[in-house]
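Note sheet for the following structure.
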Amino acid sequence: VQLQASGGGLVQAGGSLRLSCAASGLTFSNYVMGWFRQALGKEREFVTVISRSGGSTFTADSVKGRFTISRDNAKNTVYLQMNNLKPEDTAVYYCAADREVAMLAKRNREDVGKYEYWGQGTLVTVSS
């Protein structure tokens with residue numbers, strides 16, 4: 001299984017980026033997909049998650065209204081559209097996949113230990 005994240009870069013505050021995560025080696029539509037991020041010196045934190053069909057999403061309060069997760073099961077890809085970026089959004093962003101994570105339970109969907117597969121991360125830097 002491989003998750004390949006891309007799309008990170010340097011952007012000014014207020015700008016936008018779209019991250020992509022291409023999956024291979026798994027039946028993509030069977031997996032819940034999530035995005036997490038880790039800032040320098042901090043723990044990895046939950047950003048957002050999407051159900052297998054794409055019909056249900058949950059998003060952290062810190063990015064709600066600015067970040068949107070989506071997926072294309074035909075392309076085995078999950079996306080993270082990030083708008084109105086802030087300097088505090090600076091972090092390495094990781095995509096994650098799991099077949100069994102129970103999205104309805106907050107403590108499950110936000111638990112890094114619940115996700116089986118991880119991408120390598122893509123760096124997003126937001127300048128003020």
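Naming scheme: A, B, ... for chains in displayed order of the structure tokens; residues 1 onward per chain; ligands 1 onward as shown.
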
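Residues within 7 Å of region 29-46 of chain A, counting only C-alpha atoms and excluding same-chain residues fewer than 6 positions away, are A:Arg52, A:Ser53, A:Ala60, A:Asn73, A:Thr90, A:Ala91, A:Val92, A:Tyr93, A:Tyr94, A:Cys95, A:Ala96, A:Ala97, A:Asp98, A:Arg99, A:Glu110.
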
Those of region 43-88 of chain A in DSSP strand (DSSP E), formatted as JSON, numbers by chain: {"A": [45, 46, 47, 48, 49, 50, 57, 58, 59, 67, 68, 69, 70, 71, 72, 77, 78, 79, 80, 81, 82]}

Filtering to N, CA, C and O atoms, could you give me those residues as a compact mmCIF listing (two decimals), in the first residue's frame?
# COMPACT_ATOMS: atom_id res chain seq x y z
N GLU A 45 -1.93 16.12 14.61
CA GLU A 45 -3.32 16.40 14.98
C GLU A 45 -4.26 16.16 13.81
O GLU A 45 -3.89 16.30 12.64
N PHE A 46 -5.48 15.82 14.16
CA PHE A 46 -6.54 15.56 13.18
C PHE A 46 -6.93 16.85 12.48
O PHE A 46 -7.07 17.90 13.11
N VAL A 47 -7.17 16.73 11.17
CA VAL A 47 -7.69 17.86 10.40
C VAL A 47 -9.10 17.56 9.89
O VAL A 47 -10.04 18.29 10.17
N THR A 48 -9.23 16.46 9.16
CA THR A 48 -10.53 16.14 8.58
C THR A 48 -10.54 14.70 8.10
O THR A 48 -9.49 14.09 7.90
N VAL A 49 -11.75 14.16 7.90
CA VAL A 49 -11.90 12.77 7.48
C VAL A 49 -13.11 12.66 6.58
O VAL A 49 -14.06 13.44 6.71
N ILE A 50 -13.08 11.67 5.68
CA ILE A 50 -14.18 11.46 4.75
C ILE A 50 -14.52 9.98 4.71
O ILE A 50 -13.63 9.13 4.76
N THR A 57 -18.42 13.73 6.10
CA THR A 57 -17.12 14.28 6.49
C THR A 57 -17.20 14.86 7.90
O THR A 57 -18.28 15.25 8.37
N PHE A 58 -16.06 14.92 8.54
CA PHE A 58 -15.92 15.60 9.83
C PHE A 58 -14.64 16.42 9.76
O PHE A 58 -13.64 15.98 9.19
N THR A 59 -14.68 17.61 10.37
CA THR A 59 -13.56 18.53 10.26
C THR A 59 -13.27 19.17 11.61
O THR A 59 -14.19 19.49 12.36
N PHE A 67 -11.25 24.61 5.25
CA PHE A 67 -10.71 23.41 4.62
C PHE A 67 -11.85 22.48 4.22
O PHE A 67 -12.81 22.31 5.00
N THR A 68 -11.71 21.84 3.07
CA THR A 68 -12.72 20.90 2.60
C THR A 68 -12.04 19.63 2.07
O THR A 68 -11.14 19.71 1.23
N ILE A 69 -12.50 18.51 2.55
CA ILE A 69 -11.98 17.23 2.07
C ILE A 69 -12.95 16.68 1.03
O ILE A 69 -14.17 16.85 1.13
N SER A 70 -12.40 16.01 0.03
CA SER A 70 -13.22 15.34 -0.98
C SER A 70 -12.43 14.14 -1.51
O SER A 70 -11.24 14.02 -1.24
N ARG A 71 -13.11 13.29 -2.24
CA ARG A 71 -12.43 12.13 -2.79
C ARG A 71 -13.01 11.78 -4.14
O ARG A 71 -14.18 12.07 -4.43
N ASP A 72 -12.18 11.13 -4.95
CA ASP A 72 -12.60 10.62 -6.25
C ASP A 72 -12.22 9.15 -6.25
O ASP A 72 -11.05 8.80 -6.46
N THR A 77 -8.03 8.86 -5.24
CA THR A 77 -7.39 10.07 -4.74
C THR A 77 -8.31 10.81 -3.77
O THR A 77 -9.51 10.90 -4.00
N VAL A 78 -7.71 11.31 -2.70
CA VAL A 78 -8.41 12.18 -1.76
C VAL A 78 -7.74 13.55 -1.82
O VAL A 78 -6.54 13.65 -2.04
N TYR A 79 -8.56 14.58 -1.65
CA TYR A 79 -8.09 15.96 -1.78
C TYR A 79 -8.35 16.74 -0.50
O TYR A 79 -9.26 16.42 0.27
N LEU A 80 -7.56 17.77 -0.30
CA LEU A 80 -7.79 18.71 0.78
C LEU A 80 -7.66 20.11 0.20
O LEU A 80 -6.57 20.56 -0.13
N GLN A 81 -8.80 20.77 0.05
CA GLN A 81 -8.81 22.16 -0.41
C GLN A 81 -8.68 23.07 0.80
O GLN A 81 -9.51 23.00 1.72
N MET A 82 -7.66 23.89 0.79
CA MET A 82 -7.39 24.77 1.93
C MET A 82 -7.48 26.22 1.47
O MET A 82 -6.69 26.64 0.61

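From CA of Thr122 (chain A) back to CA of Leu3 (chain A), the distance works out to 11.4 Å.
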
Neighbour list for Ser127 (chain A) as a list in words, cut-off 9 Å, only C-alpha atoms, skip fewer than 5 positions in-chain: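 Neighbouring residues, sequence-local ones excluded: Leu10, Val11, Gln12, Ala13, Lys86, Pro87 and Thr90 of chain A.
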
Using only C-alpha atoms, the best pick from A:Gly8, A:Ser128, A:Ser51, A:Glu116 as closest to Leu104 (chain A) would be A:Ser51

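Here CA of Asp61 (chain A) is placed at a distance of 12.1 Å from CA of Lys106 (chain A).
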
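Using only C-alpha atoms, the contacts of Lys114 (chain A) at a cut-off of 9 Å, with sequence neighbours closer than 3 positions omitted, comprise Asp98, Glu100, Val101, Ala102, Asn108, Arg109, Glu110 and Asp111 of chain A.
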
Go ahead and save the picked residues with N, CA, C and O atoms, as a CSV table (one decimal), in the first residue's frame.
chain,number,residue,atom,x,y,z
A,98,ASP,N,-7.8,3.9,6.6
A,98,ASP,CA,-8.2,2.8,7.4
A,98,ASP,C,-9.5,2.2,6.9
A,98,ASP,O,-10.4,3.0,6.6
A,100,GLU,N,-11.4,0.3,9.0
A,100,GLU,CA,-12.3,0.0,10.1
A,100,GLU,C,-12.6,1.2,11.0
A,100,GLU,O,-13.5,1.1,11.9
A,101,VAL,N,-11.9,2.3,10.9
A,101,VAL,CA,-12.1,3.4,11.8
A,101,VAL,C,-13.6,3.9,11.9
A,101,VAL,O,-14.2,4.1,10.8
A,102,ALA,N,-14.1,4.0,13.1
A,102,ALA,CA,-15.5,4.4,13.2
A,102,ALA,C,-15.6,5.9,13.2
A,102,ALA,O,-15.3,6.6,14.3
A,108,ASN,N,-12.4,8.3,18.0
A,108,ASN,CA,-11.8,7.3,17.0
A,108,ASN,C,-11.3,8.0,15.8
A,108,ASN,O,-10.1,7.8,15.4
A,109,ARG,N,-12.1,8.9,15.2
A,109,ARG,CA,-11.7,9.5,13.9
A,109,ARG,C,-10.5,10.4,14.1
A,109,ARG,O,-9.8,10.7,13.2
A,110,GLU,N,-10.3,10.9,15.3
A,110,GLU,CA,-9.2,11.8,15.6
A,110,GLU,C,-7.9,11.1,16.2
A,110,GLU,O,-6.9,11.8,16.4
A,111,ASP,N,-8.0,9.9,16.3
A,111,ASP,CA,-6.9,9.1,16.9
A,111,ASP,C,-5.9,8.6,15.8
A,111,ASP,O,-6.3,7.8,15.0

Between A:Gly7, A:Phe28, A:Thr125, A:Ser16, which has the minimum distance to Asn76 (chain A) (counting only C-alpha atoms)? A:Phe28

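Closest to Gln120 (chain A) among A:Gly15, A:Leu85, A:Ala23, A:Val63 is A:Ala23, based on only C-alpha atoms.
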
Taking only C-alpha atoms into account, which of A:Val124, A:Val1, A:Ala74, A:Ala22 comes nearest Asp89 (chain A)?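 Checking each of A:Val124, A:Val1, A:Ala74, A:Ala22 against Asp89 (chain A), counting only C-alpha atoms, the winner is A:Val124.
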
By how many Å are CA of Asn83 (chain A) and CA of Gly9 (chain A) apart?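 Computed distance, CA of Asn83 (chain A) to CA of Gly9 (chain A), equals 13.6 Å.
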